[in-house]
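Structure first, commentary second.
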Amino acid sequence: MKKYLLFLMALTTVALVGCGNVKKENDIENNAETQVVEDTSDNTVDAEPEIKVLTNYEVIADLFAKYIEKASAGSGDGLAEYMITNINILSDEEKADIISNFPEDYFASDVLAVINFSVRPEDPNSMAWQAGNGELSGEWVLNKSLVVTLRDGKLINIGTGW
């Protein structure tokens with residue numbers, strides 16, 4: 001009986017050690033697979049995403065470019081080219097003066113700007129882009145200007161005057 005118990009204990013030990021080894025081999029394989037996945041993700045995804053904070057100038061320039069492109073596409077009088085030549089963001093003093101004249105239209109948090117730009121219509125004979133301000137110079141209408149209000153990330157009150 002004693003030999004039988006020793007035999008069972010030896011068999012159990014071998015079985016347990018063998019299972020333990022199998023488990024360790026599986027763990028190594030799983031770790032290797034996990035490592036490959038981690039390596040792949042490191043190569044395809046930035047560890048620290050870059051967040052860029054735009055200035056009011058950059059936001060206005062981007063939104064105005066979208067505005068003029070949309071106006072060009074929807075008008076039937078498309079533009080071959082345009083260029084924003086200047087964006088003048090009003091100082092707090094200049095803005096306060098406008099707010100005092102139009103208190104129902106503007107808020108202290110608004111960003112007010114004058115945008116100067118030039119356009120070259122696709123059709124040089126088109127009068128659509130010559131209307132209002134600007135100077136005709138060959139195929140270009142130069143020095144056009146609009147005033148804009150940046151509020152809550154949107155351009156509002158786009159026009160030729162406050």
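Here's how to read the names in the structure tokens: chain A, B, ... by the order shown, residue numbers from 1 in each chain, ligand numbers from 1 in the order shown.
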Excluding A:Ile60 and its own-chain neighbours fewer than 4 positions away, which residues fall within 10 Å of it when counting only C-alpha atoms? Please give them as a PyMOL selection string. chain A and resi 54-56+64-66+87+89+111-113+115+148-150+153-155
Atoms to include: N, CA and C atoms. Write the selected residues as a compact mmCIF listing (two decimals), in the first residue's frame.
# COMPACT_ATOMS: atom_id res chain seq x y z
N LEU A 54 -5.24 76.92 -31.31
CA LEU A 54 -5.19 77.93 -32.36
C LEU A 54 -5.41 79.31 -31.77
N THR A 55 -4.74 80.28 -32.35
CA THR A 55 -4.95 81.67 -31.96
C THR A 55 -6.23 82.17 -32.62
N ASN A 56 -6.77 83.27 -32.13
CA ASN A 56 -7.95 83.87 -32.77
C ASN A 56 -7.66 84.20 -34.23
N PHE A 64 -12.70 82.08 -42.36
CA PHE A 64 -12.95 82.97 -43.50
C PHE A 64 -12.62 82.26 -44.81
N ALA A 65 -11.56 81.48 -44.83
CA ALA A 65 -11.23 80.72 -46.05
C ALA A 65 -12.38 79.78 -46.40
N LYS A 66 -12.94 79.10 -45.41
CA LYS A 66 -14.09 78.22 -45.66
C LYS A 66 -15.29 79.02 -46.15
N ILE A 87 -5.38 90.34 -41.66
CA ILE A 87 -6.44 90.22 -40.67
C ILE A 87 -6.04 91.11 -39.51
N ILE A 89 -7.18 92.21 -35.97
CA ILE A 89 -8.06 91.99 -34.83
C ILE A 89 -8.09 93.28 -34.02
N VAL A 111 -14.70 88.51 -30.67
CA VAL A 111 -13.46 88.96 -31.30
C VAL A 111 -13.87 89.63 -32.60
N LEU A 112 -13.55 90.90 -32.74
CA LEU A 112 -13.90 91.67 -33.93
C LEU A 112 -12.66 91.87 -34.79
N ALA A 113 -12.84 91.69 -36.10
CA ALA A 113 -11.69 91.79 -36.99
C ALA A 113 -12.09 92.36 -38.34
N ILE A 115 -10.93 91.97 -42.25
CA ILE A 115 -10.17 91.07 -43.13
C ILE A 115 -10.00 91.75 -44.48
N VAL A 148 -15.71 91.03 -39.53
CA VAL A 148 -16.27 89.78 -39.02
C VAL A 148 -16.27 89.79 -37.50
N THR A 149 -17.15 88.97 -36.96
CA THR A 149 -17.20 88.76 -35.52
C THR A 149 -17.01 87.28 -35.27
N LEU A 150 -16.05 86.94 -34.45
CA LEU A 150 -15.82 85.56 -34.03
C LEU A 150 -16.51 85.40 -32.68
N GLY A 153 -16.61 80.25 -31.59
CA GLY A 153 -15.97 79.44 -32.63
C GLY A 153 -16.59 79.57 -34.00
N LYS A 154 -17.46 80.57 -34.21
CA LYS A 154 -18.11 80.77 -35.51
C LYS A 154 -17.95 82.22 -35.93
N LEU A 155 -17.87 82.41 -37.26
CA LEU A 155 -17.88 83.77 -37.79
C LEU A 155 -19.32 84.19 -37.98
Find the residues near A:Glu135: any atom within 12 Å, counting only C-alpha atoms, skip ones fewer than 5 places away on the same chain, and give them as number ranges by chain. A: 116-120, 129-130, 140-145
Next, write the just-selected residues to a file, as a PDB file, in the first residue's frame, keeping N, CA and C atoms as the atom set.
ATOM      1  N   ASN A 116      -8.773  91.848 -44.945  1.00  0.00           N
ATOM      2  CA  ASN A 116      -8.480  92.332 -46.295  1.00  0.00           C
ATOM      3  C   ASN A 116      -8.111  91.123 -47.145  1.00  0.00           C
ATOM      4  N   PHE A 117      -8.658  91.089 -48.350  1.00  0.00           N
ATOM      5  CA  PHE A 117      -8.392  89.954 -49.223  1.00  0.00           C
ATOM      6  C   PHE A 117      -8.504  90.398 -50.674  1.00  0.00           C
ATOM      7  N   SER A 118      -8.003  89.567 -51.562  1.00  0.00           N
ATOM      8  CA  SER A 118      -8.082  89.803 -52.999  1.00  0.00           C
ATOM      9  C   SER A 118      -8.613  88.544 -53.654  1.00  0.00           C
ATOM     10  N   VAL A 119      -9.325  88.734 -54.775  1.00  0.00           N
ATOM     11  CA  VAL A 119      -9.919  87.591 -55.482  1.00  0.00           C
ATOM     12  C   VAL A 119      -9.632  87.679 -56.975  1.00  0.00           C
ATOM     13  N   ARG A 120      -9.539  86.516 -57.588  1.00  0.00           N
ATOM     14  CA  ARG A 120      -9.453  86.440 -59.051  1.00  0.00           C
ATOM     15  C   ARG A 120     -10.595  85.535 -59.511  1.00  0.00           C
ATOM     16  N   TRP A 129     -17.749  89.812 -58.054  1.00  0.00           N
ATOM     17  CA  TRP A 129     -16.741  90.056 -57.027  1.00  0.00           C
ATOM     18  C   TRP A 129     -16.220  91.488 -57.061  1.00  0.00           C
ATOM     19  N   GLN A 130     -16.626  92.262 -58.066  1.00  0.00           N
ATOM     20  CA  GLN A 130     -16.216  93.660 -58.123  1.00  0.00           C
ATOM     21  C   GLN A 130     -17.154  94.551 -57.322  1.00  0.00           C
ATOM     22  N   TRP A 140      -7.661  90.523 -61.294  1.00  0.00           N
ATOM     23  CA  TRP A 140      -7.839  90.502 -59.841  1.00  0.00           C
ATOM     24  C   TRP A 140      -8.689  91.677 -59.358  1.00  0.00           C
ATOM     25  N   VAL A 141      -9.420  91.448 -58.269  1.00  0.00           N
ATOM     26  CA  VAL A 141     -10.045  92.520 -57.502  1.00  0.00           C
ATOM     27  C   VAL A 141      -9.253  92.561 -56.202  1.00  0.00           C
ATOM     28  N   LEU A 142      -8.497  93.638 -56.021  1.00  0.00           N
ATOM     29  CA  LEU A 142      -7.569  93.751 -54.898  1.00  0.00           C
ATOM     30  C   LEU A 142      -8.177  94.549 -53.751  1.00  0.00           C
ATOM     31  N   ASN A 143      -7.645  94.302 -52.576  1.00  0.00           N
ATOM     32  CA  ASN A 143      -7.941  95.097 -51.379  1.00  0.00           C
ATOM     33  C   ASN A 143      -9.425  95.156 -51.009  1.00  0.00           C
ATOM     34  N   LYS A 144     -10.106  94.035 -51.167  1.00  0.00           N
ATOM     35  CA  LYS A 144     -11.474  93.967 -50.665  1.00  0.00           C
ATOM     36  C   LYS A 144     -11.391  93.843 -49.141  1.00  0.00           C
ATOM     37  N   SER A 145     -12.427  94.264 -48.452  1.00  0.00           N
ATOM     38  CA  SER A 145     -12.400  94.113 -47.001  1.00  0.00           C
ATOM     39  C   SER A 145     -13.800  93.796 -46.487  1.00  0.00           C
TER      40      SER A 145
END
Have a look at atom CA of A:Ile51 and atom CA of A:Phe107 and let me know their distance in Å, one decimal.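 Taking atom CA of A:Ile51 and atom CA of A:Phe107, their separation equals 28.2 Å.
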Can you pull out the residues contacting A:Asp105? Cut-off 10 Å, using only C-alpha atoms, and skip same-chain residues under 6 positions away; I want them as a PyMOL selection string. chain A and resi 98-99+157+162
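Atom CA of A:Asn125 is found 28.4 Å from atom CA of A:Asp62.
Taking atom CA of A:Asp110 and atom CA of A:Gly159 as endpoints, the distance between them is 15.6 Å.
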